[in-house]
>>> print(open('work30.tsv').read())   # TSV, N, CA and C atoms
chain	number	residue	atom	x	y	z
A	94	ASP	N	-44.49	-27.91	-1.63
A	94	ASP	CA	-44.56	-26.55	-2.15
A	94	ASP	C	-44.29	-26.55	-3.65
A	95	ASP	N	-45.14	-25.90	-4.39
A	95	ASP	CA	-44.94	-25.77	-5.82
A	95	ASP	C	-44.26	-24.44	-6.09
A	96	ASP	N	-43.24	-24.47	-6.93
A	96	ASP	CA	-42.58	-23.24	-7.34
A	96	ASP	C	-42.21	-23.35	-8.81
A	97	ASP	N	-41.57	-22.33	-9.32
A	97	ASP	CA	-41.25	-22.28	-10.75
A	97	ASP	C	-40.19	-23.29	-11.17
A	98	PHE	N	-39.57	-23.97	-10.24
A	98	PHE	CA	-38.43	-24.82	-10.56
A	98	PHE	C	-38.73	-26.31	-10.47
A	99	ILE	N	-39.89	-26.70	-9.95
A	99	ILE	CA	-40.20	-28.11	-9.79
A	99	ILE	C	-40.33	-28.81	-11.13
A	100	GLN	N	-41.13	-28.28	-12.03
A	100	GLN	CA	-41.33	-28.95	-13.32
A	100	GLN	C	-40.06	-29.00	-14.16
A	101	PRO	N	-39.31	-27.89	-14.31
A	101	PRO	CA	-38.08	-28.03	-15.10
A	101	PRO	C	-37.07	-28.96	-14.44
A	102	GLY	N	-37.03	-29.00	-13.11
A	102	GLY	CA	-36.13	-29.91	-12.42
A	102	GLY	C	-36.51	-31.36	-12.67
A	103	THR	N	-37.81	-31.64	-12.62
A	103	THR	CA	-38.29	-32.99	-12.91
A	103	THR	C	-37.97	-33.38	-14.36
A	104	LEU	N	-38.16	-32.46	-15.26
A	104	LEU	CA	-37.83	-32.71	-16.67
A	104	LEU	C	-36.36	-33.07	-16.81
A	105	TYR	N	-35.49	-32.27	-16.19
A	105	TYR	CA	-34.04	-32.51	-16.29
A	105	TYR	C	-33.66	-33.86	-15.69
A	106	ARG	N	-34.15	-34.16	-14.49
A	106	ARG	CA	-33.74	-35.37	-13.77
A	106	ARG	C	-34.43	-36.64	-14.25
A	107	ASP	N	-35.73	-36.56	-14.52
A	107	ASP	CA	-36.52	-37.77	-14.72
A	107	ASP	C	-36.93	-38.06	-16.16
A	108	VAL	N	-36.89	-37.06	-17.01
A	108	VAL	CA	-37.35	-37.25	-18.37
A	108	VAL	C	-36.19	-37.26	-19.37
A	109	MET	N	-35.26	-36.33	-19.21
A	109	MET	CA	-34.16	-36.23	-20.16
A	109	MET	C	-33.18	-37.38	-20.00
A	110	THR	N	-32.68	-37.87	-21.13
A	110	THR	CA	-31.61	-38.86	-21.10
A	110	THR	C	-30.30	-38.14	-20.76
A	111	SER	N	-29.26	-38.89	-20.48
A	111	SER	CA	-27.95	-38.29	-20.22
A	111	SER	C	-27.49	-37.46	-21.41
A	112	ALA	N	-27.74	-37.95	-22.62
A	112	ALA	CA	-27.37	-37.21	-23.82
A	112	ALA	C	-28.16	-35.90	-23.92
A	113	ASP	N	-29.45	-35.96	-23.59
A	113	ASP	CA	-30.27	-34.75	-23.59
A	113	ASP	C	-29.74	-33.73	-22.58
A	114	GLN	N	-29.38	-34.22	-21.40
A	114	GLN	CA	-28.83	-33.34	-20.37
A	114	GLN	C	-27.53	-32.70	-20.85
A	115	ASP	N	-26.67	-33.50	-21.47
A	115	ASP	CA	-25.41	-32.97	-22.00
A	115	ASP	C	-25.66	-31.89	-23.03
A	116	HIS	N	-26.60	-32.12	-23.93
A	116	HIS	CA	-26.91	-31.12	-24.96
A	116	HIS	C	-27.47	-29.85	-24.36
A	117	LEU	N	-28.32	-29.99	-23.34
A	117	LEU	CA	-28.87	-28.82	-22.67
A	117	LEU	C	-27.75	-28.00	-22.03
A	118	VAL	N	-26.86	-28.66	-21.31
A	118	VAL	CA	-25.74	-27.96	-20.67
A	118	VAL	C	-24.89	-27.25	-21.72
A	119	GLU	N	-24.56	-27.95	-22.79
A	119	GLU	CA	-23.75	-27.35	-23.85
A	119	GLU	C	-24.43	-26.13	-24.44
A	120	ASN	N	-25.73	-26.21	-24.64
A	120	ASN	CA	-26.49	-25.10	-25.21
A	120	ASN	C	-26.48	-23.90	-24.26
A	121	ILE	N	-26.76	-24.14	-22.98
A	121	ILE	CA	-26.76	-23.05	-22.00
A	121	ILE	C	-25.37	-22.42	-21.91
A	122	VAL	N	-24.34	-23.25	-21.81
A	122	VAL	CA	-22.96	-22.74	-21.71
A	122	VAL	C	-22.62	-21.91	-22.94
A	123	TRP	N	-22.97	-22.39	-24.11
A	123	TRP	CA	-22.67	-21.63	-25.33
A	123	TRP	C	-23.33	-20.26	-25.28
A	124	HIS	N	-24.61	-20.22	-24.93
A	124	HIS	CA	-25.32	-18.93	-24.90
A	124	HIS	C	-24.76	-18.00	-23.82
A	125	LEU	N	-24.43	-18.54	-22.66
A	125	LEU	CA	-23.89	-17.69	-21.60
A	125	LEU	C	-22.45	-17.25	-21.87
A	126	SER	N	-21.82	-17.83	-22.88
A	126	SER	CA	-20.44	-17.47	-23.22
A	126	SER	C	-20.37	-16.42	-24.32
A	127	GLN	N	-21.50	-15.99	-24.82
A	127	GLN	CA	-21.53	-15.05	-25.94
A	127	GLN	C	-21.58	-13.60	-25.45
A	128	GLU	N	-20.43	-13.12	-24.97
A	128	GLU	CA	-20.28	-11.73	-24.51
A	128	GLU	C	-21.30	-11.35	-23.44
A	129	VAL	N	-21.62	-12.30	-22.58
A	129	VAL	CA	-22.53	-12.07	-21.46
A	129	VAL	C	-21.68	-11.63	-20.27
A	130	GLU	N	-22.06	-10.53	-19.64
A	130	GLU	CA	-21.29	-10.03	-18.50
A	130	GLU	C	-21.29	-11.05	-17.36
A	131	ARG	N	-20.20	-11.04	-16.61
A	131	ARG	CA	-20.00	-12.04	-15.55
A	131	ARG	C	-21.13	-12.03	-14.52
A	132	PHE	N	-21.60	-10.84	-14.13
A	132	PHE	CA	-22.64	-10.80	-13.12
A	132	PHE	C	-23.94	-11.43	-13.64
A	133	VAL	N	-24.19	-11.34	-14.93
A	133	VAL	CA	-25.37	-11.98	-15.52
A	133	VAL	C	-25.18	-13.49	-15.53
A	134	GLN	N	-23.97	-13.94	-15.87
A	134	GLN	CA	-23.68	-15.37	-15.82
A	134	GLN	C	-23.90	-15.92	-14.41
A	135	GLU	N	-23.38	-15.20	-13.42
A	135	GLU	CA	-23.52	-15.64	-12.03
A	135	GLU	C	-24.98	-15.71	-11.60
A	136	ARG	N	-25.75	-14.71	-11.98
A	136	ARG	CA	-27.18	-14.71	-11.64
A	136	ARG	C	-27.90	-15.86	-12.32
A	137	ALA	N	-27.57	-16.11	-13.59
A	137	ALA	CA	-28.22	-17.21	-14.31
A	137	ALA	C	-27.94	-18.54	-13.63
A	138	VAL	N	-26.70	-18.74	-13.22
A	138	VAL	CA	-26.33	-20.00	-12.56
A	138	VAL	C	-26.95	-20.08	-11.16
A	139	ASN	N	-26.73	-19.05	-10.36
A	139	ASN	CA	-27.13	-19.11	-8.95
A	139	ASN	C	-28.63	-18.94	-8.73
A	140	ASP	N	-29.26	-18.09	-9.53
A	140	ASP	CA	-30.67	-17.78	-9.29
A	140	ASP	C	-31.62	-18.56	-10.19
A	141	TYR	N	-31.09	-19.29	-11.15
A	141	TYR	CA	-31.98	-20.06	-12.01
A	141	TYR	C	-31.55	-21.51	-12.15
A	142	TRP	N	-30.44	-21.76	-12.84
A	142	TRP	CA	-30.09	-23.14	-13.19
A	142	TRP	C	-29.85	-24.01	-11.97
A	143	THR	N	-29.24	-23.50	-10.92
A	143	THR	CA	-29.01	-24.28	-9.70
A	143	THR	C	-30.32	-24.59	-8.99
A	144	LYS	N	-31.30	-23.68	-9.10
A	144	LYS	CA	-32.61	-23.94	-8.49
A	144	LYS	C	-33.39	-24.97	-9.29
A	145	VAL	N	-33.16	-25.03	-10.60
A	145	VAL	CA	-33.79	-26.07	-11.41
A	145	VAL	C	-33.25	-27.43	-10.96
A	146	ASP	N	-31.92	-27.52	-10.87
A	146	ASP	CA	-31.28	-28.75	-10.41
A	146	ASP	C	-29.84	-28.43	-10.02
A	147	PRO	N	-29.39	-28.82	-8.84
A	147	PRO	CA	-28.03	-28.53	-8.41
A	147	PRO	C	-26.96	-29.06	-9.37
A	148	ASP	N	-27.17	-30.25	-9.92
A	148	ASP	CA	-26.21	-30.80	-10.87
A	148	ASP	C	-26.14	-29.94	-12.13
A	149	LEU	N	-27.29	-29.52	-12.62
A	149	LEU	CA	-27.34	-28.67	-13.80
A	149	LEU	C	-26.61	-27.36	-13.54
A	150	GLY	N	-26.86	-26.74	-12.41
A	150	GLY	CA	-26.18	-25.50	-12.05
A	150	GLY	C	-24.68	-25.68	-11.97
A	151	ALA	N	-24.24	-26.77	-11.37
A	151	ALA	CA	-22.80	-27.03	-11.23
A	151	ALA	C	-22.15	-27.25	-12.59
A	152	ARG	N	-22.84	-27.97	-13.46
A	152	ARG	CA	-22.28	-28.24	-14.79
A	152	ARG	C	-22.20	-26.96	-15.63
A	153	VAL	N	-23.21	-26.11	-15.53
A	153	VAL	CA	-23.18	-24.84	-16.26
A	153	VAL	C	-22.08	-23.96	-15.69
A	154	ALA	N	-21.98	-23.89	-14.37
A	154	ALA	CA	-20.94	-23.07	-13.73
A	154	ALA	C	-19.56	-23.52	-14.19
A	155	GLN	N	-19.34	-24.82	-14.20
A	155	GLN	CA	-18.05	-25.35	-14.64
A	155	GLN	C	-17.81	-25.00	-16.10
A	156	GLY	N	-18.84	-25.09	-16.93
A	156	GLY	CA	-18.70	-24.83	-18.35
A	156	GLY	C	-18.34	-23.39	-18.69
A	157	ILE	N	-18.77	-22.45	-17.84
A	157	ILE	CA	-18.45	-21.05	-18.10
A	157	ILE	C	-17.32	-20.55	-17.20
A	158	GLY	N	-16.72	-21.45	-16.46
A	158	GLY	CA	-15.55	-21.09	-15.67
A	158	GLY	C	-15.85	-20.40	-14.35
A	159	LEU	N	-17.05	-20.60	-13.81
A	159	LEU	CA	-17.37	-20.08	-12.49
A	159	LEU	C	-16.99	-21.10	-11.44
A	160	GLY	N	-16.83	-20.66	-10.23
A	160	GLY	CA	-16.64	-21.60	-9.13
A	160	GLY	C	-17.95	-22.32	-8.86
A	161	SER	N	-18.07	-22.93	-7.73
A	161	SER	CA	-19.30	-23.64	-7.37
A	161	SER	C	-20.46	-22.67	-7.28
A	162	PRO	N	-21.63	-23.08	-7.74
A	162	PRO	CA	-22.81	-22.23	-7.62
A	162	PRO	C	-23.14	-21.94	-6.16
A	163	GLN	N	-23.71	-20.78	-5.92
A	163	GLN	CA	-24.07	-20.38	-4.58
A	163	GLN	C	-25.53	-19.96	-4.57
A	164	PRO	N	-26.44	-20.89	-4.33
A	164	PRO	CA	-27.87	-20.55	-4.34
A	164	PRO	C	-28.17	-19.41	-3.38
A	165	GLY	N	-29.04	-18.53	-3.81
A	165	GLY	CA	-29.44	-17.40	-2.97
A	165	GLY	C	-28.61	-16.16	-3.19
A	166	HIS	N	-27.46	-16.29	-3.85
A	166	HIS	CA	-26.64	-15.12	-4.15
A	166	HIS	C	-27.15	-14.48	-5.42
A	167	GLY	N	-27.00	-13.16	-5.50
A	167	GLY	CA	-27.33	-12.50	-6.75
A	167	GLY	C	-28.41	-11.50	-6.63
>>> encode(input="work30.tsv", output="structure tokens")
Amino acid sequence: DDDDFIQPGTLYRDVMTSADQDHLVENIVWHLSQEVERFVQERAVNDYWTKVDPDLGARVAQGIGLGSPQPGHG
């Protein structure tokens, strides 16, 4: 099944280096920390970043102080 998350997930897992992944996480965390309401942060993590890649979602959630991502919530 093709969906909107296959290509970005492949990019994150198979193309980006560990350093690239770290920079991406830092960038996302920084942007989500700029006076973004909590429910928007939760939706971004649960409905987008975790669907791109579970590790990416978990790292972003940790970076903004959320608990574990919960796919499907939001």
>>> closest_residue(input="work30.tsv", among="A:Arg136, A:Glu119, A:Glu130, A:Leu104", to="Gln155 (chain A)", atoms="only C-alpha atoms")
A:Glu119
>>> residues_around(input="work30.tsv", residues="Gly102 (chain A)", least_positions_apart="6", cutoff="8 Å", atoms="all atoms listed in the file", output="ChimeraX atom specification")
/A:108,144-147
>>> write_last_selection(input="work30.tsv", atoms="N, CA and C atoms", output="PDB file, in the coordinates of the input")
ATOM      1  N   VAL A 108     -36.890 -37.060 -17.010  1.00  0.00           N
ATOM      2  CA  VAL A 108     -37.350 -37.250 -18.370  1.00  0.00           C
ATOM      3  C   VAL A 108     -36.190 -37.260 -19.370  1.00  0.00           C
ATOM      4  N   LYS A 144     -31.300 -23.680  -9.100  1.00  0.00           N
ATOM      5  CA  LYS A 144     -32.610 -23.940  -8.490  1.00  0.00           C
ATOM      6  C   LYS A 144     -33.390 -24.970  -9.290  1.00  0.00           C
ATOM      7  N   VAL A 145     -33.160 -25.030 -10.600  1.00  0.00           N
ATOM      8  CA  VAL A 145     -33.790 -26.070 -11.410  1.00  0.00           C
ATOM      9  C   VAL A 145     -33.250 -27.430 -10.960  1.00  0.00           C
ATOM     10  N   ASP A 146     -31.920 -27.520 -10.870  1.00  0.00           N
ATOM     11  CA  ASP A 146     -31.280 -28.750 -10.410  1.00  0.00           C
ATOM     12  C   ASP A 146     -29.840 -28.430 -10.020  1.00  0.00           C
ATOM     13  N   PRO A 147     -29.390 -28.820  -8.840  1.00  0.00           N
ATOM     14  CA  PRO A 147     -28.030 -28.530  -8.410  1.00  0.00           C
ATOM     15  C   PRO A 147     -26.960 -29.060  -9.370  1.00  0.00           C
TER      16      PRO A 147
END
>>> atom_distance(input="work30.tsv", atom1="CA of Asp107 (chain A)", atom2="CA of Ser126 (chain A)")
27.3 Å
>>> atom_distance(input="work30.tsv", atom1="CA of Gly156 (chain A)", atom2="atom C of Asp96 (chain A)")
25.4 Å
>>> closest_residue(input="work30.tsv", among="A:Asp148, A:Ala154, A:Ser111, A:Thr103", to="Gln134 (chain A)", atoms="only N, CA and C atoms")
A:Ala154
>>> atom_distance(input="work30.tsv", atom1="CA of Asp140 (chain A)", atom2="atom N of Leu117 (chain A)")
18.8 Å
>>> select_by_dssp(input="work30.tsv", residues="region 116-150 of chain A", states="helix (DSSP H, G or I)", output="PDB file with N, CA and C atoms, in the frame of the given file")
ATOM      1  N   HIS A 116     -26.600 -32.120 -23.930  1.00  0.00           N
ATOM      2  CA  HIS A 116     -26.910 -31.120 -24.960  1.00  0.00           C
ATOM      3  C   HIS A 116     -27.470 -29.850 -24.360  1.00  0.00           C
ATOM      4  N   LEU A 117     -28.320 -29.990 -23.340  1.00  0.00           N
ATOM      5  CA  LEU A 117     -28.870 -28.820 -22.670  1.00  0.00           C
ATOM      6  C   LEU A 117     -27.750 -28.000 -22.030  1.00  0.00           C
ATOM      7  N   VAL A 118     -26.860 -28.660 -21.310  1.00  0.00           N
ATOM      8  CA  VAL A 118     -25.740 -27.960 -20.670  1.00  0.00           C
ATOM      9  C   VAL A 118     -24.890 -27.250 -21.720  1.00  0.00           C
ATOM     10  N   GLU A 119     -24.560 -27.950 -22.790  1.00  0.00           N
ATOM     11  CA  GLU A 119     -23.750 -27.350 -23.850  1.00  0.00           C
ATOM     12  C   GLU A 119     -24.430 -26.130 -24.440  1.00  0.00           C
ATOM     13  N   ASN A 120     -25.730 -26.210 -24.640  1.00  0.00           N
ATOM     14  CA  ASN A 120     -26.490 -25.100 -25.210  1.00  0.00           C
ATOM     15  C   ASN A 120     -26.480 -23.900 -24.260  1.00  0.00           C
ATOM     16  N   ILE A 121     -26.760 -24.140 -22.980  1.00  0.00           N
ATOM     17  CA  ILE A 121     -26.760 -23.050 -22.000  1.00  0.00           C
ATOM     18  C   ILE A 121     -25.370 -22.420 -21.910  1.00  0.00           C
ATOM     19  N   VAL A 122     -24.340 -23.250 -21.810  1.00  0.00           N
ATOM     20  CA  VAL A 122     -22.960 -22.740 -21.710  1.00  0.00           C
ATOM     21  C   VAL A 122     -22.620 -21.910 -22.940  1.00  0.00           C
ATOM     22  N   TRP A 123     -22.970 -22.390 -24.110  1.00  0.00           N
ATOM     23  CA  TRP A 123     -22.670 -21.630 -25.330  1.00  0.00           C
ATOM     24  C   TRP A 123     -23.330 -20.260 -25.280  1.00  0.00           C
ATOM     25  N   HIS A 124     -24.610 -20.220 -24.930  1.00  0.00           N
ATOM     26  CA  HIS A 124     -25.320 -18.930 -24.900  1.00  0.00           C
ATOM     27  C   HIS A 124     -24.760 -18.000 -23.820  1.00  0.00           C
ATOM     28  N   LEU A 125     -24.430 -18.540 -22.660  1.00  0.00           N
ATOM     29  CA  LEU A 125     -23.890 -17.690 -21.600  1.00  0.00           C
ATOM     30  C   LEU A 125     -22.450 -17.250 -21.870  1.00  0.00           C
ATOM     31  N   ARG A 131     -20.200 -11.040 -16.610  1.00  0.00           N
ATOM     32  CA  ARG A 131     -20.000 -12.040 -15.550  1.00  0.00           C
ATOM     33  C   ARG A 131     -21.130 -12.030 -14.520  1.00  0.00           C
ATOM     34  N   PHE A 132     -21.600 -10.840 -14.130  1.00  0.00           N
ATOM     35  CA  PHE A 132     -22.640 -10.800 -13.120  1.00  0.00           C
ATOM     36  C   PHE A 132     -23.940 -11.430 -13.640  1.00  0.00           C
ATOM     37  N   VAL A 133     -24.190 -11.340 -14.930  1.00  0.00           N
ATOM     38  CA  VAL A 133     -25.370 -11.980 -15.520  1.00  0.00           C
ATOM     39  C   VAL A 133     -25.180 -13.490 -15.530  1.00  0.00           C
ATOM     40  N   GLN A 134     -23.970 -13.940 -15.870  1.00  0.00           N
ATOM     41  CA  GLN A 134     -23.680 -15.370 -15.820  1.00  0.00           C
ATOM     42  C   GLN A 134     -23.900 -15.920 -14.410  1.00  0.00           C
ATOM     43  N   GLU A 135     -23.380 -15.200 -13.420  1.00  0.00           N
ATOM     44  CA  GLU A 135     -23.520 -15.640 -12.030  1.00  0.00           C
ATOM     45  C   GLU A 135     -24.980 -15.710 -11.600  1.00  0.00           C
ATOM     46  N   ARG A 136     -25.750 -14.710 -11.980  1.00  0.00           N
ATOM     47  CA  ARG A 136     -27.180 -14.710 -11.640  1.00  0.00           C
ATOM     48  C   ARG A 136     -27.900 -15.860 -12.320  1.00  0.00           C
ATOM     49  N   ALA A 137     -27.570 -16.110 -13.590  1.00  0.00           N
ATOM     50  CA  ALA A 137     -28.220 -17.210 -14.310  1.00  0.00           C
ATOM     51  C   ALA A 137     -27.940 -18.540 -13.630  1.00  0.00           C
ATOM     52  N   VAL A 138     -26.700 -18.740 -13.220  1.00  0.00           N
ATOM     53  CA  VAL A 138     -26.330 -20.000 -12.560  1.00  0.00           C
ATOM     54  C   VAL A 138     -26.950 -20.080 -11.160  1.00  0.00           C
ATOM     55  N   ASN A 139     -26.730 -19.050 -10.360  1.00  0.00           N
ATOM     56  CA  ASN A 139     -27.130 -19.110  -8.950  1.00  0.00           C
ATOM     57  C   ASN A 139     -28.630 -18.940  -8.730  1.00  0.00           C
ATOM     58  N   ASP A 140     -29.260 -18.090  -9.530  1.00  0.00           N
ATOM     59  CA  ASP A 140     -30.670 -17.780  -9.290  1.00  0.00           C
ATOM     60  C   ASP A 140     -31.620 -18.560 -10.190  1.00  0.00           C
ATOM     61  N   TYR A 141     -31.090 -19.290 -11.150  1.00  0.00           N
ATOM     62  CA  TYR A 141     -31.980 -20.060 -12.010  1.00  0.00           C
ATOM     63  C   TYR A 141     -31.550 -21.510 -12.150  1.00  0.00           C
ATOM     64  N   TRP A 142     -30.440 -21.760 -12.840  1.00  0.00           N
ATOM     65  CA  TRP A 142     -30.090 -23.140 -13.190  1.00  0.00           C
ATOM     66  C   TRP A 142     -29.850 -24.010 -11.970  1.00  0.00           C
ATOM     67  N   THR A 143     -29.240 -23.500 -10.920  1.00  0.00           N
ATOM     68  CA  THR A 143     -29.010 -24.280  -9.700  1.00  0.00           C
ATOM     69  C   THR A 143     -30.320 -24.590  -8.990  1.00  0.00           C
ATOM     70  N   LYS A 144     -31.300 -23.680  -9.100  1.00  0.00           N
ATOM     71  CA  LYS A 144     -32.610 -23.940  -8.490  1.00  0.00           C
ATOM     72  C   LYS A 144     -33.390 -24.970  -9.290  1.00  0.00           C
ATOM     73  N   VAL A 145     -33.160 -25.030 -10.600  1.00  0.00           N
ATOM     74  CA  VAL A 145     -33.790 -26.070 -11.410  1.00  0.00           C
ATOM     75  C   VAL A 145     -33.250 -27.430 -10.960  1.00  0.00           C
ATOM     76  N   PRO A 147     -29.390 -28.820  -8.840  1.00  0.00           N
ATOM     77  CA  PRO A 147     -28.030 -28.530  -8.410  1.00  0.00           C
ATOM     78  C   PRO A 147     -26.960 -29.060  -9.370  1.00  0.00           C
ATOM     79  N   ASP A 148     -27.170 -30.250  -9.920  1.00  0.00           N
ATOM     80  CA  ASP A 148     -26.210 -30.800 -10.870  1.00  0.00           C
ATOM     81  C   ASP A 148     -26.140 -29.940 -12.130  1.00  0.00           C
ATOM     82  N   LEU A 149     -27.290 -29.520 -12.620  1.00  0.00           N
ATOM     83  CA  LEU A 149     -27.340 -28.670 -13.800  1.00  0.00           C
ATOM     84  C   LEU A 149     -26.610 -27.360 -13.540  1.00  0.00           C
ATOM     85  N   GLY A 150     -26.860 -26.740 -12.410  1.00  0.00           N
ATOM     86  CA  GLY A 150     -26.180 -25.500 -12.050  1.00  0.00           C
ATOM     87  C   GLY A 150     -24.680 -25.680 -11.970  1.00  0.00           C
TER      88      GLY A 150
END
